[in-house]
Structure formats: C-alpha cells, structure tokens
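As stored in run.cif (mmCIF, C-alpha atoms and all ligand atoms):
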data_data
loop_
_atom_site.group_PDB
_atom_site.id
_atom_site.type_symbol
_atom_site.label_atom_id
_atom_site.label_comp_id
_atom_site.auth_asym_id
_atom_site.auth_seq_id
_atom_site.Cartn_x
_atom_site.Cartn_y
_atom_site.Cartn_z
ATOM 1 C CA MET A 1 11.409 -6.964 -11.384
ATOM 2 C CA LEU A 2 14.223 -9.214 -12.528
ATOM 3 C CA ALA A 3 16.170 -10.280 -9.415
ATOM 4 C CA ALA A 4 19.514 -9.525 -11.077
ATOM 5 C CA ARG A 5 18.516 -5.842 -11.259
ATOM 6 C CA ALA A 6 18.500 -5.757 -7.444
ATOM 7 C CA ALA A 7 22.191 -6.692 -7.240
ATOM 8 C CA GLY A 8 23.981 -4.271 -4.947
ATOM 9 C CA HIS A 9 20.747 -2.866 -3.505
ATOM 10 C CA ALA A 10 19.036 -3.498 -0.171
ATOM 11 C CA VAL A 11 15.864 -5.560 -0.519
ATOM 12 C CA GLN A 12 13.118 -5.195 2.062
ATOM 13 C CA THR A 13 10.376 -7.817 2.112
ATOM 14 C CA LEU A 14 6.979 -7.921 3.760
ATOM 15 C CA GLU A 15 8.522 -9.784 6.692
ATOM 16 C CA GLY A 16 10.662 -6.716 7.389
ATOM 17 C CA LEU A 17 7.632 -4.437 7.459
ATOM 18 C CA GLN A 18 5.413 -6.352 9.869
ATOM 19 C CA GLU A 19 4.589 -3.437 12.166
ATOM 20 C CA GLU A 20 3.654 -1.120 9.309
ATOM 21 C CA ALA A 21 1.834 -3.924 7.499
ATOM 22 C CA ALA A 22 -0.273 -4.794 10.545
ATOM 23 C CA ASP A 23 -1.241 -1.144 10.904
ATOM 24 C CA PHE A 24 -2.069 -0.771 7.216
ATOM 25 C CA VAL A 25 -4.277 -3.853 6.894
ATOM 26 C CA GLY A 26 -6.484 -2.509 9.675
ATOM 27 C CA PHE A 27 -7.354 0.442 7.425
ATOM 28 C CA ILE A 28 -8.187 -1.942 4.564
ATOM 29 C CA ALA A 29 -10.318 -4.122 6.815
ATOM 30 C CA ASP A 30 -12.157 -1.064 8.149
ATOM 31 C CA GLN A 31 -13.339 -0.379 4.588
ATOM 32 C CA GLY A 32 -14.490 -3.953 3.998
ATOM 33 C CA ALA A 33 -11.961 -4.258 1.182
ATOM 34 C CA ASP A 34 -10.350 -7.371 2.600
ATOM 35 C CA GLN A 35 -12.123 -10.318 1.034
ATOM 36 C CA CYS A 36 -9.916 -13.317 0.110
ATOM 37 C CA GLY A 37 -6.754 -11.361 0.985
ATOM 38 C CA PHE A 38 -4.711 -12.666 -1.944
ATOM 39 C CA CYS A 39 -3.908 -9.139 -3.134
ATOM 40 C CA ASN A 40 -3.114 -7.693 0.296
ATOM 41 C CA PRO A 41 0.669 -8.297 0.375
ATOM 42 C CA GLY A 42 1.075 -6.338 -2.854
ATOM 43 C CA PHE A 43 -1.090 -3.501 -1.610
ATOM 44 C CA VAL A 44 0.877 -3.406 1.644
ATOM 45 C CA MET A 45 4.269 -3.275 -0.041
ATOM 46 C CA ASN A 46 3.274 -0.746 -2.671
ATOM 47 C CA THR A 47 1.355 1.510 -0.301
ATOM 48 C CA ILE A 48 4.308 1.678 2.082
ATOM 49 C CA ALA A 49 6.588 2.441 -0.885
ATOM 50 C CA LEU A 50 4.141 5.122 -2.050
ATOM 51 C CA LEU A 51 4.135 6.669 1.425
ATOM 52 C CA ARG A 52 7.918 6.890 1.319
ATOM 53 C CA GLU A 53 8.058 8.313 -2.209
ATOM 54 C CA ASN A 54 5.019 10.570 -2.110
ATOM 55 C CA PRO A 55 3.450 11.005 1.340
ATOM 56 C CA ASP A 56 0.601 13.214 0.088
ATOM 57 C CA PRO A 57 -0.585 11.770 -3.247
ATOM 58 C CA THR A 58 -3.809 12.582 -5.019
ATOM 59 C CA ASP A 59 -6.304 9.767 -5.593
ATOM 60 C CA ASP A 60 -5.191 9.615 -9.239
ATOM 61 C CA GLU A 61 -1.551 9.284 -8.138
ATOM 62 C CA ILE A 62 -2.550 6.452 -5.783
ATOM 63 C CA ARG A 63 -4.386 4.677 -8.629
ATOM 64 C CA ALA A 64 -1.406 5.120 -10.977
ATOM 65 C CA PHE A 65 1.103 3.892 -8.382
ATOM 66 C CA LEU A 66 -0.962 0.791 -7.618
ATOM 67 C CA ALA A 67 -1.969 0.009 -11.201
ATOM 68 C CA GLY A 68 -0.065 -3.283 -11.126
ATOM 69 C CA ASN A 69 -1.906 -4.587 -8.065
ATOM 70 C CA LEU A 70 -4.656 -6.866 -9.282
ATOM 71 C CA CYS A 71 -7.625 -7.773 -7.115
ATOM 72 C CA ARG A 72 -10.160 -10.294 -8.346
ATOM 73 C CA CYS A 73 -12.624 -9.806 -5.514
ATOM 74 C CA THR A 74 -13.310 -6.086 -5.296
ATOM 75 C CA GLY A 75 -13.761 -2.967 -7.367
ATOM 76 C CA TYR A 76 -10.750 -1.215 -5.785
ATOM 77 C CA GLU A 77 -12.860 1.535 -4.236
ATOM 78 C CA GLY A 78 -12.603 0.016 -0.754
ATOM 79 C CA GLN A 79 -8.846 -0.319 -1.105
ATOM 80 C CA LEU A 80 -8.611 3.278 -2.305
ATOM 81 C CA ARG A 81 -10.584 4.487 0.733
ATOM 82 C CA GLY A 82 -8.414 2.387 3.046
ATOM 83 C CA ILE A 83 -5.187 3.568 1.445
ATOM 84 C CA ARG A 84 -6.351 7.196 1.583
ATOM 85 C CA SER A 85 -7.228 6.813 5.279
ATOM 86 C CA TYR A 86 -3.882 5.147 5.994
ATOM 87 C CA LEU A 87 -1.909 7.865 4.188
ATOM 88 C CA ASP A 88 -3.948 10.614 5.869
ATOM 89 C CA SER A 89 -3.207 9.050 9.250
ATOM 90 C CA ARG A 90 0.512 9.380 8.508
ATOM 91 C CA LYS A 91 0.457 13.104 7.833
ATOM 92 C CA GLY A 92 2.168 15.326 10.314
ATOM 93 C CA GLY A 93 5.385 13.375 10.770
ATOM 94 C CA ALA A 94 3.944 10.057 11.908
ATOM 95 C CA ALA A 95 5.113 8.232 8.784
ATOM 96 C CA HIS A 96 7.457 5.304 9.255
ATOM 97 C CA GLY A 97 10.652 5.406 7.253
ATOM 98 C CA ALA A 98 9.687 8.541 5.376
HETATM 99 S S1 LIG B 101 -9.457 -9.430 -1.943
HETATM 100 FE FE1 LIG B 101 -9.330 -11.212 -3.180
HETATM 101 S S2 LIG B 101 -7.931 -10.686 -4.751
HETATM 102 FE FE2 LIG B 101 -8.193 -8.880 -3.639
#

Structure rendered as structure tokens:
Amino acid sequence: MLAARAAGHAVQTLEGLQEEAADFVGFIADQGADQCGFCNPGFVMNTIALLRENPDPTDDEIRAFLAGNLCRCTGYEGQLRGIRSYLDSRKGGAAHGA
C-alpha cells in the first residue's frame, strides 16, 4: 500500500500486536509450518486482520485473504491448518480486538 494512502488513518504495526502475534505463531509452529520464518510477519498481520474482518471464514476465504503472502519454503497447507486452528481458538468471544 502506498504510504500516502494511510494519511489520516491509524497504522498498527507488528510491534503493536506482540501478544496476539506470539499466540498466533505458536499455532503455526504446532503445524510445522514455520521453516525459515521469513513469511511469518505477513501471515501474522494478515491473519489478525482477517480475524477482525471475518472471524469465521471458510478455508477458501482464508486462502483468498492471504493470497499476497508468499512463502518459499512450504506448500501453505501447514499455514492453513495453523491459521484455521488459531481462528477456531478465537471463537466464542475470545478474539482480541474483534
Ligand atoms: S517459512 Fe520460509 S518463506 Fe515461509
């Protein structure tokens, strides 16, 4: 996103989401989807945004939302399982910032 388009809006970075990020990466690691870790910050930010926009997405909606997150190490199935587990764990009002 062009930075100028954020003018007048609040910008939240990964540093501002440390508690949620630490929780999320545990779900990714549990699925063995954390290899070099280069792609993790993008998955963290976009998964938390997805949770806030659509707390109960289908797997196809998860894939569509995260289509811009590139991972050179995996086939995305581990990330999908981890993201699904993370989102499922947030059902029932436990979601942060939702
Ligand atoms: S784990 Fe290496 S790029 Fe995704």

Task: Contacts of ligand LIG 101 (chain B), 9 Å or closer, all atoms listed in the file, given as JSON, numbers by chain - done: {"A": [33, 34, 35, 36, 37, 38, 39, 40, 69, 70, 71, 72, 73, 74, 75, 76, 79]}

Could you give me, as a PDB file with C-alpha atoms, in the coordinates of the input, the residues within 10 Å of A:Asp59, counting all atoms listed in the file and dropping anything in the same chain fewer than 2 positions from it?
ATOM      1  CA  ASP A  56       0.601  13.214   0.088  1.00  0.00           C
ATOM      2  CA  PRO A  57      -0.585  11.770  -3.247  1.00  0.00           C
ATOM      3  CA  GLU A  61      -1.551   9.284  -8.138  1.00  0.00           C
ATOM      4  CA  ILE A  62      -2.550   6.452  -5.783  1.00  0.00           C
ATOM      5  CA  ARG A  63      -4.386   4.677  -8.629  1.00  0.00           C
ATOM      6  CA  ALA A  64      -1.406   5.120 -10.977  1.00  0.00           C
ATOM      7  CA  PHE A  65       1.103   3.892  -8.382  1.00  0.00           C
ATOM      8  CA  LEU A  80      -8.611   3.278  -2.305  1.00  0.00           C
ATOM      9  CA  ARG A  81     -10.584   4.487   0.733  1.00  0.00           C
ATOM     10  CA  ILE A  83      -5.187   3.568   1.445  1.00  0.00           C
ATOM     11  CA  ARG A  84      -6.351   7.196   1.583  1.00  0.00           C
TER      12      ARG A  84
END

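Candidate residues A:Gly78, A:Leu14, A:Ala7, A:Asp23 were compared for distance to A:Gly42, and the nearest is A:Leu14, using all atoms listed in the file.
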
- [ ] Provide the atom CA of A:Pro41 to atom CA of A:Phe24 distance in Å, to one decimal place.
- [x] 10.5 Å

Open item on the list: What does the structure give for the distance between atom CA of A:Ala6 and atom CA of A:Ala22, in Å to one decimal?
Closed with: 26.0 Å

Task: Surrounding residues of stretch 86-92 of chain A excluding itself and chain neighbours under 3 positions, 12 Å, only C-alpha atoms, as a PyMOL selection string - done: chain A and resi 20-31+43-44+47-59+62+79-83+95-98

May I have the selected residues written with C-alpha atoms, as a tab-separated table (two decimals), keeping the file's coordinate frame?
chain	number	residue	atom	x	y	z
A	20	GLU	CA	3.65	-1.12	9.31
A	21	ALA	CA	1.83	-3.92	7.50
A	22	ALA	CA	-0.27	-4.79	10.54
A	23	ASP	CA	-1.24	-1.14	10.90
A	24	PHE	CA	-2.07	-0.77	7.22
A	25	VAL	CA	-4.28	-3.85	6.89
A	26	GLY	CA	-6.48	-2.51	9.68
A	27	PHE	CA	-7.35	0.44	7.42
A	28	ILE	CA	-8.19	-1.94	4.56
A	29	ALA	CA	-10.32	-4.12	6.82
A	30	ASP	CA	-12.16	-1.06	8.15
A	31	GLN	CA	-13.34	-0.38	4.59
A	43	PHE	CA	-1.09	-3.50	-1.61
A	44	VAL	CA	0.88	-3.41	1.64
A	47	THR	CA	1.36	1.51	-0.30
A	48	ILE	CA	4.31	1.68	2.08
A	49	ALA	CA	6.59	2.44	-0.88
A	50	LEU	CA	4.14	5.12	-2.05
A	51	LEU	CA	4.14	6.67	1.42
A	52	ARG	CA	7.92	6.89	1.32
A	53	GLU	CA	8.06	8.31	-2.21
A	54	ASN	CA	5.02	10.57	-2.11
A	55	PRO	CA	3.45	11.00	1.34
A	56	ASP	CA	0.60	13.21	0.09
A	57	PRO	CA	-0.58	11.77	-3.25
A	58	THR	CA	-3.81	12.58	-5.02
A	59	ASP	CA	-6.30	9.77	-5.59
A	62	ILE	CA	-2.55	6.45	-5.78
A	79	GLN	CA	-8.85	-0.32	-1.10
A	80	LEU	CA	-8.61	3.28	-2.31
A	81	ARG	CA	-10.58	4.49	0.73
A	82	GLY	CA	-8.41	2.39	3.05
A	83	ILE	CA	-5.19	3.57	1.44
A	95	ALA	CA	5.11	8.23	8.78
A	96	HIS	CA	7.46	5.30	9.26
A	97	GLY	CA	10.65	5.41	7.25
A	98	ALA	CA	9.69	8.54	5.38

TODO: Measure the distance from atom CA of A:Leu2 to atom CA of A:Asp60 in Å and round it to one decimal.
DONE: 27.2 Å

Reconstruct N, CA and C atoms of stretch 5-30 of chain A; output as a PDB file, keeping the file's coordinate frame.
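Listed below is the output, result-v2.pdb:
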ATOM      1  N   ARG A   5      18.498  -7.315 -11.292  1.00  0.00           N
ATOM      2  CA  ARG A   5      18.516  -5.842 -11.259  1.00  0.00           C
ATOM      3  C   ARG A   5      18.635  -5.305  -9.841  1.00  0.00           C
ATOM      4  N   ALA A   6      18.388  -6.172  -8.839  1.00  0.00           N
ATOM      5  CA  ALA A   6      18.500  -5.757  -7.444  1.00  0.00           C
ATOM      6  C   ALA A   6      19.915  -5.931  -6.901  1.00  0.00           C
ATOM      7  N   ALA A   7      20.812  -6.470  -7.701  1.00  0.00           N
ATOM      8  CA  ALA A   7      22.191  -6.692  -7.240  1.00  0.00           C
ATOM      9  C   ALA A   7      22.783  -5.378  -6.732  1.00  0.00           C
ATOM     10  N   GLY A   8      23.352  -5.450  -5.534  1.00  0.00           N
ATOM     11  CA  GLY A   8      23.981  -4.271  -4.947  1.00  0.00           C
ATOM     12  C   GLY A   8      23.035  -3.356  -4.203  1.00  0.00           C
ATOM     13  N   HIS A   9      21.741  -3.681  -4.186  1.00  0.00           N
ATOM     14  CA  HIS A   9      20.747  -2.866  -3.505  1.00  0.00           C
ATOM     15  C   HIS A   9      20.195  -3.609  -2.296  1.00  0.00           C
ATOM     16  N   ALA A  10      19.726  -2.884  -1.309  1.00  0.00           N
ATOM     17  CA  ALA A  10      19.036  -3.498  -0.171  1.00  0.00           C
ATOM     18  C   ALA A  10      17.642  -3.906  -0.618  1.00  0.00           C
ATOM     19  N   VAL A  11      17.205  -5.079  -0.193  1.00  0.00           N
ATOM     20  CA  VAL A  11      15.864  -5.560  -0.519  1.00  0.00           C
ATOM     21  C   VAL A  11      15.091  -5.739   0.775  1.00  0.00           C
ATOM     22  N   GLN A  12      13.962  -5.081   0.868  1.00  0.00           N
ATOM     23  CA  GLN A  12      13.118  -5.195   2.062  1.00  0.00           C
ATOM     24  C   GLN A  12      11.858  -5.951   1.673  1.00  0.00           C
ATOM     25  N   THR A  13      11.552  -7.005   2.407  1.00  0.00           N
ATOM     26  CA  THR A  13      10.376  -7.817   2.112  1.00  0.00           C
ATOM     27  C   THR A  13       9.269  -7.503   3.103  1.00  0.00           C
ATOM     28  N   LEU A  14       8.122  -8.114   2.869  1.00  0.00           N
ATOM     29  CA  LEU A  14       6.979  -7.921   3.760  1.00  0.00           C
ATOM     30  C   LEU A  14       7.325  -8.312   5.191  1.00  0.00           C
ATOM     31  N   GLU A  15       8.146  -9.341   5.354  1.00  0.00           N
ATOM     32  CA  GLU A  15       8.522  -9.784   6.692  1.00  0.00           C
ATOM     33  C   GLU A  15       9.266  -8.689   7.458  1.00  0.00           C
ATOM     34  N   GLY A  16       9.938  -7.808   6.752  1.00  0.00           N
ATOM     35  CA  GLY A  16      10.662  -6.716   7.389  1.00  0.00           C
ATOM     36  C   GLY A  16       9.798  -5.502   7.654  1.00  0.00           C
ATOM     37  N   LEU A  17       8.550  -5.575   7.287  1.00  0.00           N
ATOM     38  CA  LEU A  17       7.632  -4.437   7.459  1.00  0.00           C
ATOM     39  C   LEU A  17       6.406  -4.837   8.279  1.00  0.00           C
ATOM     40  N   GLN A  18       6.580  -5.790   9.179  1.00  0.00           N
ATOM     41  CA  GLN A  18       5.413  -6.352   9.869  1.00  0.00           C
ATOM     42  C   GLN A  18       4.625  -5.329  10.670  1.00  0.00           C
ATOM     43  N   GLU A  19       5.304  -4.416  11.348  1.00  0.00           N
ATOM     44  CA  GLU A  19       4.589  -3.437  12.166  1.00  0.00           C
ATOM     45  C   GLU A  19       3.759  -2.508  11.279  1.00  0.00           C
ATOM     46  N   GLU A  20       4.383  -1.994  10.222  1.00  0.00           N
ATOM     47  CA  GLU A  20       3.654  -1.120   9.309  1.00  0.00           C
ATOM     48  C   GLU A  20       2.545  -1.875   8.591  1.00  0.00           C
ATOM     49  N   ALA A  21       2.827  -3.123   8.204  1.00  0.00           N
ATOM     50  CA  ALA A  21       1.834  -3.924   7.499  1.00  0.00           C
ATOM     51  C   ALA A  21       0.621  -4.182   8.377  1.00  0.00           C
ATOM     52  N   ALA A  22       0.841  -4.515   9.633  1.00  0.00           N
ATOM     53  CA  ALA A  22      -0.273  -4.794  10.545  1.00  0.00           C
ATOM     54  C   ALA A  22      -1.140  -3.543  10.704  1.00  0.00           C
ATOM     55  N   ASP A  23      -0.500  -2.402  10.781  1.00  0.00           N
ATOM     56  CA  ASP A  23      -1.241  -1.144  10.904  1.00  0.00           C
ATOM     57  C   ASP A  23      -2.051  -0.876   9.634  1.00  0.00           C
ATOM     58  N   PHE A  24      -1.418  -1.056   8.495  1.00  0.00           N
ATOM     59  CA  PHE A  24      -2.069  -0.771   7.216  1.00  0.00           C
ATOM     60  C   PHE A  24      -3.286  -1.662   6.986  1.00  0.00           C
ATOM     61  N   VAL A  25      -3.167  -2.955   7.211  1.00  0.00           N
ATOM     62  CA  VAL A  25      -4.277  -3.853   6.894  1.00  0.00           C
ATOM     63  C   VAL A  25      -5.510  -3.545   7.734  1.00  0.00           C
ATOM     64  N   GLY A  26      -5.324  -2.933   8.892  1.00  0.00           N
ATOM     65  CA  GLY A  26      -6.484  -2.509   9.675  1.00  0.00           C
ATOM     66  C   GLY A  26      -7.312  -1.473   8.927  1.00  0.00           C
ATOM     67  N   PHE A  27      -6.641  -0.579   8.203  1.00  0.00           N
ATOM     68  CA  PHE A  27      -7.354   0.442   7.425  1.00  0.00           C
ATOM     69  C   PHE A  27      -8.108  -0.206   6.264  1.00  0.00           C
ATOM     70  N   ILE A  28      -7.515  -1.231   5.658  1.00  0.00           N
ATOM     71  CA  ILE A  28      -8.187  -1.942   4.564  1.00  0.00           C
ATOM     72  C   ILE A  28      -9.397  -2.694   5.109  1.00  0.00           C
ATOM     73  N   ALA A  29      -9.210  -3.364   6.219  1.00  0.00           N
ATOM     74  CA  ALA A  29     -10.318  -4.122   6.815  1.00  0.00           C
ATOM     75  C   ALA A  29     -11.456  -3.195   7.232  1.00  0.00           C
ATOM     76  N   ASP A  30     -11.126  -2.019   7.737  1.00  0.00           N
ATOM     77  CA  ASP A  30     -12.157  -1.064   8.149  1.00  0.00           C
ATOM     78  C   ASP A  30     -13.056  -0.670   6.987  1.00  0.00           C
TER      79      ASP A  30
END
